[in-house]
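Below: query_4.txt (compact mmCIF, C-alpha atoms and all ligand atoms)
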```
# COMPACT_ATOMS: atom_id res chain seq x y z
CA MET A 28 0.00 0.00 0.00
CA ALA A 29 1.35 3.40 -0.94
CA LEU A 30 1.91 5.62 2.09
CA ARG A 31 2.13 9.37 2.40
CA VAL A 32 5.50 10.24 3.84
CA THR A 33 7.02 13.57 4.84
CA VAL A 34 10.80 13.54 5.02
CA ARG A 35 12.20 16.47 7.03
CA GLY A 36 15.74 17.24 5.94
CA ALA A 37 17.32 17.05 2.50
CA GLY A 38 20.88 16.10 3.27
CA ILE A 39 22.25 12.90 1.81
CA ILE A 40 20.33 10.82 4.37
CA GLY A 41 16.91 12.44 3.89
CA LEU A 42 17.32 12.47 0.12
CA ALA A 43 18.43 8.82 -0.04
CA VAL A 44 15.46 7.82 2.14
CA ALA A 45 13.07 9.83 -0.03
CA ASP A 46 14.50 8.37 -3.23
CA GLU A 47 14.14 4.81 -1.94
CA LEU A 48 10.54 5.46 -0.85
CA VAL A 49 9.63 7.02 -4.21
CA GLN A 50 11.17 4.01 -5.97
CA ARG A 51 8.93 1.77 -3.90
CA GLY A 52 5.83 3.68 -4.96
CA HIS A 53 5.17 5.85 -1.90
CA ASP A 54 3.96 9.45 -2.05
CA VAL A 55 6.81 11.50 -0.60
CA ARG A 56 7.27 15.19 0.24
CA VAL A 57 10.71 16.38 1.29
CA VAL A 58 10.98 19.60 3.31
CA ASP A 59 14.17 21.61 3.76
CA PRO A 60 14.76 25.35 3.34
CA ALA A 61 18.42 24.72 2.45
CA PRO A 62 18.76 21.34 0.72
CA ALA A 63 22.15 19.61 0.77
CA GLN A 64 23.81 22.44 2.69
CA GLY A 65 24.46 20.66 5.99
CA ALA A 66 27.09 18.05 6.83
CA SER A 67 26.74 16.47 3.36
CA TYR A 68 28.14 19.69 1.89
CA ALA A 69 31.38 19.36 3.83
CA ALA A 70 31.71 15.57 3.59
CA ALA A 71 34.78 14.20 1.85
CA GLY A 72 32.85 11.19 0.59
CA MET A 73 35.06 8.41 1.90
CA LEU A 74 33.44 5.01 1.55
CA ALA A 75 35.94 3.65 4.02
CA PRO A 76 34.33 1.67 6.83
CA ALA A 77 37.57 -0.11 7.71
CA ALA A 78 39.96 2.82 7.43
CA GLU A 79 37.61 5.05 9.43
CA VAL A 80 36.82 2.68 12.28
CA TRP A 81 38.27 2.98 15.79
CA HIS A 82 38.61 0.43 18.55
CA GLY A 83 35.29 -0.42 20.17
CA GLU A 84 33.28 0.51 17.07
CA ASP A 85 32.36 -3.01 15.98
CA ASP A 86 28.82 -2.03 15.04
CA VAL A 87 30.05 0.96 13.03
CA LEU A 88 32.29 -1.38 11.04
CA ARG A 89 29.56 -3.98 10.53
CA LEU A 90 27.04 -1.36 9.34
CA GLY A 91 29.64 0.39 7.20
CA LEU A 92 30.64 -2.82 5.41
CA ALA A 93 26.98 -3.66 4.78
CA SER A 94 26.36 -0.20 3.32
CA LEU A 95 29.56 -0.23 1.24
CA ALA A 96 28.19 -3.34 -0.49
CA LEU A 97 25.07 -1.35 -1.48
CA TRP A 98 26.99 1.60 -2.92
CA PRO A 99 27.74 0.26 -6.44
CA ASP A 100 24.00 -0.17 -7.18
CA PHE A 101 23.13 3.10 -5.48
CA ALA A 102 25.74 5.03 -7.51
CA ARG A 103 24.57 3.33 -10.72
CA ARG A 104 20.98 4.29 -9.98
CA LEU A 105 21.99 7.93 -9.50
CA GLY A 106 24.46 7.97 -12.41
CA VAL A 107 27.35 9.23 -10.26
CA PRO A 108 30.91 7.92 -10.44
CA LEU A 109 32.06 5.64 -7.63
CA GLU A 110 35.84 5.59 -7.41
CA THR A 111 37.54 2.53 -6.05
CA GLY A 112 41.21 2.01 -5.30
CA GLY A 113 41.00 1.36 -1.59
CA THR A 114 42.41 3.44 1.22
CA LEU A 115 46.09 3.83 1.99
CA LEU A 116 46.95 4.14 5.68
CA VAL A 117 50.35 5.69 6.34
CA GLY A 118 52.38 6.72 9.34
CA VAL A 119 55.21 9.22 9.34
CA ASP A 120 57.12 8.60 12.59
CA ALA A 121 57.40 5.50 14.78
CA GLY A 122 54.36 6.45 16.86
CA ASP A 123 52.32 7.05 13.71
CA LEU A 124 53.35 3.67 12.35
CA GLN A 125 52.11 2.08 15.55
CA GLN A 126 48.71 3.62 14.79
CA VAL A 127 48.77 1.95 11.37
CA ASP A 128 49.76 -1.38 12.96
CA ARG A 129 46.97 -1.08 15.52
CA GLN A 130 44.46 -0.41 12.76
CA VAL A 131 45.69 -3.43 10.79
CA GLU A 132 45.43 -5.65 13.89
CA LEU A 133 41.90 -4.42 14.54
CA LEU A 134 40.84 -5.08 10.96
CA THR A 135 42.50 -8.51 10.85
CA ARG A 136 40.57 -9.46 13.98
CA HIS A 137 37.38 -8.53 12.14
CA GLY A 138 38.34 -10.47 9.03
CA VAL A 139 38.97 -7.36 6.90
CA ALA A 140 41.81 -7.89 4.42
CA THR A 141 44.71 -5.43 4.40
CA GLU A 142 48.15 -5.44 2.79
CA THR A 143 51.07 -4.09 4.76
CA TRP A 144 53.39 -2.03 2.56
CA ASP A 145 56.90 -1.01 3.48
CA ARG A 146 58.17 2.47 2.70
CA ARG A 147 59.36 1.40 -0.79
CA GLU A 148 56.03 -0.20 -1.70
CA VAL A 149 54.11 2.84 -0.48
CA VAL A 150 56.12 5.11 -2.77
CA GLU A 151 55.79 2.68 -5.69
CA HIS A 152 52.03 3.03 -5.44
CA GLU A 153 51.92 6.75 -4.63
CA PRO A 154 55.15 8.28 -6.00
CA SER A 155 54.35 11.80 -4.83
CA LEU A 156 53.85 10.80 -1.22
CA ALA A 157 56.54 12.08 1.13
CA ARG A 158 58.96 9.67 2.77
CA VAL A 159 56.78 7.93 5.32
CA GLY A 160 57.64 5.14 7.71
CA GLY A 161 55.34 2.68 5.95
CA GLY A 162 51.71 1.88 5.58
CA ALA A 163 48.91 -0.51 4.82
CA TRP A 164 46.43 -0.70 1.99
CA VAL A 165 42.76 -1.45 2.58
CA PRO A 166 41.42 -2.71 -0.75
CA GLY A 167 37.75 -2.58 -1.65
CA GLU A 168 37.08 0.85 -0.19
CA GLY A 169 36.11 3.77 -2.37
CA ARG A 170 34.93 7.33 -2.54
CA VAL A 171 32.23 9.48 -4.11
CA ASP A 172 31.67 13.19 -4.45
CA PRO A 173 28.81 13.87 -1.98
CA ARG A 174 27.89 17.11 -3.73
CA ARG A 175 27.36 15.21 -6.99
CA VAL A 176 25.42 12.53 -5.16
CA CYS A 177 23.14 15.13 -3.57
CA ALA A 178 22.70 16.96 -6.89
CA ALA A 179 21.70 13.68 -8.55
CA LEU A 180 19.25 12.95 -5.73
CA LEU A 181 17.81 16.47 -5.95
CA ASP A 182 17.17 15.88 -9.68
CA ARG A 183 15.09 12.86 -8.72
CA VAL A 184 13.39 14.09 -5.55
CA PRO A 185 11.91 17.59 -5.45
CA VAL A 186 12.33 19.46 -2.18
CA GLN A 187 10.05 22.14 -0.80
CA ALA A 188 11.18 24.88 1.56
CA THR A 189 8.10 24.83 3.77
CA GLU A 190 5.79 22.21 5.28
CA PRO A 191 3.08 20.81 2.98
CA PRO A 192 -0.45 22.17 3.64
CA GLU A 193 -2.37 20.72 6.62
CA SER A 194 -4.67 18.91 4.21
CA TRP A 195 -1.73 16.69 3.22
CA ARG A 196 -1.67 14.48 6.27
CA PRO A 197 1.30 12.15 6.18
CA ASP A 198 1.03 8.57 7.42
CA VAL A 199 4.65 8.77 8.45
CA THR A 200 7.17 11.54 9.09
CA VAL A 201 10.87 10.74 8.80
CA ILE A 202 13.10 13.22 10.65
CA ALA A 203 16.45 13.48 8.91
CA THR A 204 17.63 16.89 10.05
CA GLY A 205 21.18 15.87 10.93
CA SER A 206 22.64 17.51 13.98
CA VAL A 207 19.59 19.66 14.81
CA LEU A 208 16.66 17.50 15.78
CA PRO A 209 13.29 18.88 16.84
CA ASP A 210 11.84 18.36 20.31
CA PRO A 211 11.65 15.98 22.07
CA HIS A 212 14.62 14.39 20.27
CA CYS A 213 17.02 17.32 20.32
CA HIS A 214 19.04 15.80 23.16
CA LEU A 215 19.87 12.73 21.13
CA VAL A 216 22.29 14.44 18.75
CA ARG A 217 25.00 17.01 19.25
CA GLY A 218 27.18 18.78 16.71
CA VAL A 219 30.84 17.88 16.44
CA ARG A 220 32.56 20.53 14.38
CA GLY A 221 34.55 19.39 11.37
CA GLU A 222 36.59 21.69 9.15
CA ILE A 223 37.78 20.61 5.70
CA LEU A 224 39.87 22.21 2.95
CA ARG A 225 39.72 21.82 -0.79
CA LEU A 226 42.85 22.29 -2.83
CA ARG A 227 43.33 22.22 -6.58
CA THR A 228 46.43 20.40 -7.72
CA ASP A 229 47.80 18.72 -10.84
CA ASP A 230 49.48 16.10 -8.67
CA PRO A 231 46.76 14.43 -6.57
CA PRO A 232 46.96 11.02 -4.92
CA THR A 233 45.34 8.21 -6.90
CA ARG A 234 43.42 6.91 -3.88
CA THR A 235 42.33 8.09 -0.45
CA VAL A 236 45.29 8.53 1.88
CA ARG A 237 44.64 8.47 5.61
CA GLY A 238 47.71 9.34 7.60
CA TRP A 239 49.07 10.10 11.02
CA VAL A 240 51.63 12.89 11.15
CA ALA A 241 53.32 13.20 14.53
CA GLY A 242 50.09 11.98 16.09
CA GLU A 243 47.82 14.25 14.04
CA PRO A 244 45.28 12.32 11.95
CA VAL A 245 44.62 13.70 8.47
CA TYR A 246 43.09 12.42 5.25
CA LEU A 247 43.43 13.36 1.60
CA VAL A 248 40.57 12.41 -0.70
CA PRO A 249 41.11 13.04 -4.42
CA ARG A 250 38.21 14.04 -6.64
CA THR A 251 38.29 12.88 -10.23
CA PRO A 252 38.94 16.02 -12.29
CA GLU A 253 36.44 17.21 -14.81
CA GLN A 254 37.84 17.84 -18.27
CA GLY A 255 40.35 20.68 -18.46
CA VAL A 256 40.32 21.34 -14.71
CA SER A 257 42.97 20.33 -12.19
CA ALA A 258 41.99 17.70 -9.66
CA GLU A 259 40.65 18.66 -6.28
CA VAL A 260 41.85 17.11 -3.08
CA VAL A 261 39.72 17.29 0.04
CA VAL A 262 41.83 17.53 3.18
CA GLY A 263 40.14 16.77 6.47
CA ALA A 264 39.15 17.01 9.08
CA THR A 265 39.22 18.69 12.45
CA SER A 266 36.95 17.32 15.12
CA GLU A 267 35.81 19.48 17.99
CA GLU A 268 32.93 19.59 20.43
CA HIS A 269 31.46 23.08 20.63
CA ASP A 270 28.34 25.03 21.41
CA GLY A 271 28.47 28.07 19.16
CA ALA A 272 27.85 28.37 15.45
CA PRO A 273 30.44 26.47 13.44
CA VAL A 274 33.13 28.74 12.00
CA VAL A 275 36.35 27.96 10.15
CA THR A 276 39.21 28.71 12.52
CA ALA A 277 42.75 29.76 11.66
CA GLY A 278 44.04 27.05 13.99
CA GLY A 279 41.99 24.37 12.26
CA VAL A 280 43.21 25.37 8.79
CA LEU A 281 46.81 25.57 10.00
CA ARG A 282 46.72 22.11 11.59
CA LEU A 283 45.18 20.50 8.53
CA LEU A 284 47.56 22.18 6.09
CA ALA A 285 50.61 21.44 8.23
CA ALA A 286 49.80 17.73 8.45
CA ALA A 287 48.68 17.40 4.84
CA ARG A 288 51.80 18.99 3.33
CA VAL A 289 54.05 16.71 5.35
CA LEU A 290 52.33 13.76 3.66
CA TRP A 291 51.91 15.34 0.26
CA PRO A 292 54.53 18.03 -0.44
CA ALA A 293 52.96 18.94 -3.82
CA LEU A 294 50.17 20.61 -1.87
CA ASP A 295 52.55 23.54 -1.33
CA ARG A 296 51.89 24.51 -4.95
CA ALA A 297 48.16 23.76 -4.82
CA GLU A 298 45.50 26.43 -4.96
CA LEU A 299 43.49 26.60 -1.75
CA VAL A 300 39.98 26.90 -3.16
CA GLU A 301 37.73 26.34 -0.19
CA THR A 302 37.54 26.07 3.56
CA THR A 303 34.30 24.69 4.94
CA VAL A 304 32.96 23.84 8.35
CA ARG A 305 29.88 21.90 9.37
CA ASP A 306 28.61 20.07 12.42
CA ARG A 307 28.70 16.29 12.26
CA PRO A 308 25.61 14.86 13.92
CA SER A 309 26.90 12.73 16.78
CA THR A 310 24.97 10.54 19.22
CA ILE A 311 25.92 9.46 22.74
CA ASP A 312 27.03 6.02 21.61
CA GLY A 313 28.41 7.02 18.20
CA LEU A 314 25.76 5.02 16.31
CA PRO A 315 23.01 6.48 14.16
CA LEU A 316 19.30 6.64 14.95
CA ILE A 317 17.38 4.75 12.29
CA GLY A 318 13.79 3.62 12.73
CA TRP A 319 10.61 4.28 14.70
CA THR A 320 10.78 6.67 17.63
CA GLY A 321 7.90 5.13 19.57
CA ARG A 322 5.66 8.13 18.79
CA PRO A 323 2.89 7.37 16.30
CA GLY A 324 3.92 7.69 12.66
CA GLU A 325 7.34 9.10 13.44
CA MET A 326 10.75 7.81 12.42
CA LEU A 327 14.31 9.08 12.79
CA ALA A 328 17.12 8.83 10.26
CA ALA A 329 19.81 10.95 11.91
CA GLY A 330 22.95 11.00 14.02
CA HIS A 331 25.27 9.45 11.43
CA TYR A 332 28.31 11.30 12.79
CA ARG A 333 31.33 10.60 10.51
CA HIS A 334 29.52 8.07 8.36
CA GLY A 335 26.53 9.76 6.71
CA VAL A 336 27.69 9.34 3.13
CA LEU A 337 28.77 5.74 3.64
CA LEU A 338 25.58 4.76 5.48
CA ALA A 339 23.10 6.56 3.19
CA PRO A 340 22.00 3.55 1.09
CA LEU A 341 21.73 1.25 4.13
CA THR A 342 19.73 3.86 6.05
CA ALA A 343 17.33 4.26 3.12
CA GLN A 344 16.77 0.53 3.00
CA VAL A 345 16.28 0.15 6.76
CA ILE A 346 13.75 2.99 6.87
CA ALA A 347 11.82 1.77 3.84
CA ASP A 348 11.74 -1.84 5.08
CA ALA A 349 10.62 -0.76 8.55
CA LEU A 350 7.94 1.49 7.13
CA GLU A 351 6.52 -1.30 4.96
CA SER A 352 6.61 -4.03 7.59
CA ASP A 353 3.95 -4.83 10.18
CA HIS A 354 6.61 -6.24 12.49
CA PRO A 355 9.72 -4.20 11.76
CA ASP A 356 12.85 -5.90 12.92
CA ILE A 357 15.23 -2.98 13.46
CA ASP A 358 18.86 -3.66 14.28
CA PRO A 359 19.08 -2.82 18.02
CA ALA A 360 22.39 -1.04 17.41
CA VAL A 361 20.61 1.72 15.47
CA ASP A 362 17.06 1.54 16.84
CA PRO A 363 16.26 5.01 18.24
CA ARG A 364 14.25 3.33 21.00
CA ARG A 365 17.53 2.32 22.65
CA PHE A 366 17.22 5.83 24.08
CA ILE A 367 14.12 6.45 26.16
CA SER A 368 12.94 9.99 26.67
CA ASP A 369 11.58 10.68 30.14
CA ASP A 370 8.89 13.25 30.86
CA SER A 371 11.39 16.08 31.10
CA GLY A 372 12.82 15.31 27.67
CA GLY A 373 15.96 13.83 29.22
CA VAL A 374 17.56 10.74 27.84
CA HIS A 375 18.44 7.40 29.38
CA VAL A 376 20.81 5.08 27.60
CA THR A 377 19.31 1.60 27.65
CA HIS A 378 22.43 -0.30 26.80
CA ALA A 379 26.09 0.12 27.57
CA GLN A 380 27.57 3.37 26.29
CA ARG A 381 30.57 2.90 24.11
N1 LIG B 401 34.17 10.85 7.59
C1 LIG B 401 35.18 11.80 7.71
C2 LIG B 401 34.94 12.84 8.72
O1 LIG B 401 33.92 12.89 9.36
O2 LIG B 401 35.80 13.64 8.88
```
Would you mind writing the structure in this file as structure tokens?
Amino acid sequence: MALRVTVRGAGIIGLAVADELVQRGHDVRVVDPAPAQGASYAAAGMLAPAAEVWHGEDDVLRLGLASLALWPDFARRLGVPLETGGTLLVGVDAGDLQQVDRQVELLTRHGVATETWDRREVVEHEPSLARVGGGAWVPGEGRVDPRRVCAALLDRVPVQATEPPESWRPDVTVIATGSVLPDPHCHLVRGVRGEILRLRTDDPPTRTVRGWVAGEPVYLVPRTPEQGVSAEVVVGATSEEHDGAPVVTAGGVLRLLAAARVLWPALDRAELVETTVRDRPSTIDGLPLIGWTGRPGEMLAAGHYRHGVLLAPLTAQVIADALESDHPDIDPAVDPRRFISDDSGGVHVTHAQR
């Protein structure tokens, strides 16, 4: 049965959900006064569940790998390029190399294949990389340009700036407003500031490089150049808890540039074309909120933190399946009902915080 659905929020998550629901024959209205201008606008577009995972994030890895497997079909449906080539992890000094080793150990324990490369092998694969201590390659990972993905979704799913008229009563409302949720859910997500840079260079890496430079994590994500234009490299990202409006800081730009040019000296000659800052939507346990809220006809698709682009196709599927099922079987790791709002709007965590 076709349902009437309002999707609030037209970032990559809201748009992917809306697109999936339209594909399945539902009647969907998407509402956002500034479509695709939130975290999706800043996102580097790494499809790198293994390279981006930290210790204790088993569910993030599991969900990320499941969503990575959906990306080739999703990209084909939207007609956007999906670059593969894997992710190269590199460390500059001995401490940084230990970080790479720890990551490899973690991934091996989870059955994710990696190849350890010595300094010579790293340079064979990425000749313009600086002299690093060594690294490891995570095959199978990829990258997309989130702005192209959102533009393709916006071509398929119209967005309106204001709520539909009262006469259009939705059966279901999906809240996908990223780091700013409406009451009573606003406590579930907080913004974690992330600054990124975009540089134009004729000597970009051929794959995503995630490095540690004297303890400072940094990543370089190349964008495939359009004809006649130099390639762009996205350098990211700072990560800071804050209360005020997100602004690009001199310190953030300095830290990113300093680390990035140690890894990739050619960036000294690159044109700095953009600095951007957005809030990542982060939850208490670092996992997204996907599914019914427990209030009639209301679902959440939010709180994706560092993984919104990667998890977009999986989120769309989970929401659409849950909406169509009489007995939705939501993964407890993402079920918003793991958080119970009390009368005062406060939040209890119902399983161990990670
Ligand atoms: N996923 C990369 C970041 O959040 O910086």
What residues have any atom no more than 6 Å from ligand LIG 401 (chain B) when counting all atoms listed in the file, and can you list them as a CSV table (one decimal) with C-alpha atoms, in the coordinates of the input?
```
chain,number,residue,atom,x,y,z
A,263,GLY,CA,40.1,16.8,6.5
A,264,ALA,CA,39.2,17.0,9.1
A,333,ARG,CA,31.3,10.6,10.5
A,334,HIS,CA,29.5,8.1,8.4
```
Please define a box with edges along x, y and z of the file around all atoms of stretch 140-144 of chain A given in the file, extend it by 3 Å on each side, and return its centre and edge lengths in Å to one decimal, as AutoDock Vina command-line options.
```
--center_x 47.6 --center_y -5.0 --center_z 3.7 --size_x 17.6 --size_y 11.9 --size_z 8.2
```
Between A:Asp230, A:Ala45, A:Leu115, A:Thr310, which is the closest to A:Arg296 once you count all atoms listed in the file?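 Looking at the shortest contact to A:Arg296, the residue is A:Asp230.
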Rank nothing, just name the residue among A:Arg250, A:Arg227, A:His269, A:Arg322 nearest to A:Ala297, using only C-alpha atoms. A:Arg227
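Using only C-alpha atoms for every distance, the candidate list A:Arg146, A:Arg158, A:His354, A:Arg170 yields A:Arg158 as the residue closest to A:Arg288.
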Would you list the residues near (35.4, 27.1, 9.6), meaning any protein, DNA or RNA residue with an atom at most 6 Å from that point in file coordinates, counting all atoms listed in the file, as a ChimeraX atom specification? /A:222,274-276,303-304
Could stretch 152-171 of chain A be completed with N, CA and C atoms and returned as a compact mmCIF listing (two decimals), keeping the file's coordinate frame?
```txt
# COMPACT_ATOMS: atom_id res chain seq x y z
N HIS A 152 53.44 2.85 -5.12
CA HIS A 152 52.03 3.03 -5.44
C HIS A 152 51.62 4.50 -5.47
N GLU A 153 52.26 5.31 -4.67
CA GLU A 153 51.92 6.75 -4.63
C GLU A 153 53.23 7.54 -4.68
N PRO A 154 53.81 7.70 -5.90
CA PRO A 154 55.15 8.28 -6.00
C PRO A 154 55.28 9.69 -5.42
N SER A 155 54.21 10.43 -5.34
CA SER A 155 54.35 11.80 -4.83
C SER A 155 54.19 11.91 -3.32
N LEU A 156 53.95 10.78 -2.69
CA LEU A 156 53.85 10.80 -1.22
C LEU A 156 55.23 11.07 -0.63
N ALA A 157 55.26 11.80 0.47
CA ALA A 157 56.54 12.08 1.13
C ALA A 157 57.13 10.78 1.67
N ARG A 158 58.35 10.85 2.13
CA ARG A 158 58.96 9.67 2.77
C ARG A 158 58.21 9.40 4.07
N VAL A 159 57.49 8.30 4.08
CA VAL A 159 56.78 7.93 5.32
C VAL A 159 57.40 6.67 5.87
N GLY A 160 57.06 6.33 7.09
CA GLY A 160 57.64 5.14 7.71
C GLY A 160 57.16 3.86 7.05
N GLY A 161 55.94 3.86 6.57
CA GLY A 161 55.34 2.68 5.95
C GLY A 161 53.84 2.82 6.00
N GLY A 162 53.16 1.75 5.59
CA GLY A 162 51.71 1.88 5.58
C GLY A 162 51.00 0.56 5.35
N ALA A 163 49.73 0.66 5.11
CA ALA A 163 48.91 -0.51 4.82
C ALA A 163 47.79 -0.09 3.87
N TRP A 164 47.48 -0.99 2.98
CA TRP A 164 46.43 -0.70 1.99
C TRP A 164 45.18 -1.48 2.35
N VAL A 165 44.05 -0.80 2.34
CA VAL A 165 42.76 -1.45 2.58
C VAL A 165 42.03 -1.50 1.25
N PRO A 166 42.08 -2.64 0.55
CA PRO A 166 41.42 -2.71 -0.75
C PRO A 166 39.90 -2.70 -0.58
N GLY A 167 39.21 -2.44 -1.68
CA GLY A 167 37.75 -2.58 -1.65
C GLY A 167 37.03 -1.33 -1.20
N GLU A 168 37.75 -0.39 -0.61
CA GLU A 168 37.08 0.85 -0.19
C GLU A 168 37.07 1.84 -1.37
N GLY A 169 36.24 2.85 -1.25
CA GLY A 169 36.11 3.77 -2.37
C GLY A 169 35.80 5.18 -1.92
N ARG A 170 35.28 5.95 -2.85
CA ARG A 170 34.93 7.33 -2.54
C ARG A 170 33.95 7.85 -3.59
N VAL A 171 33.14 8.79 -3.19
CA VAL A 171 32.23 9.48 -4.11
C VAL A 171 32.31 10.96 -3.80
```
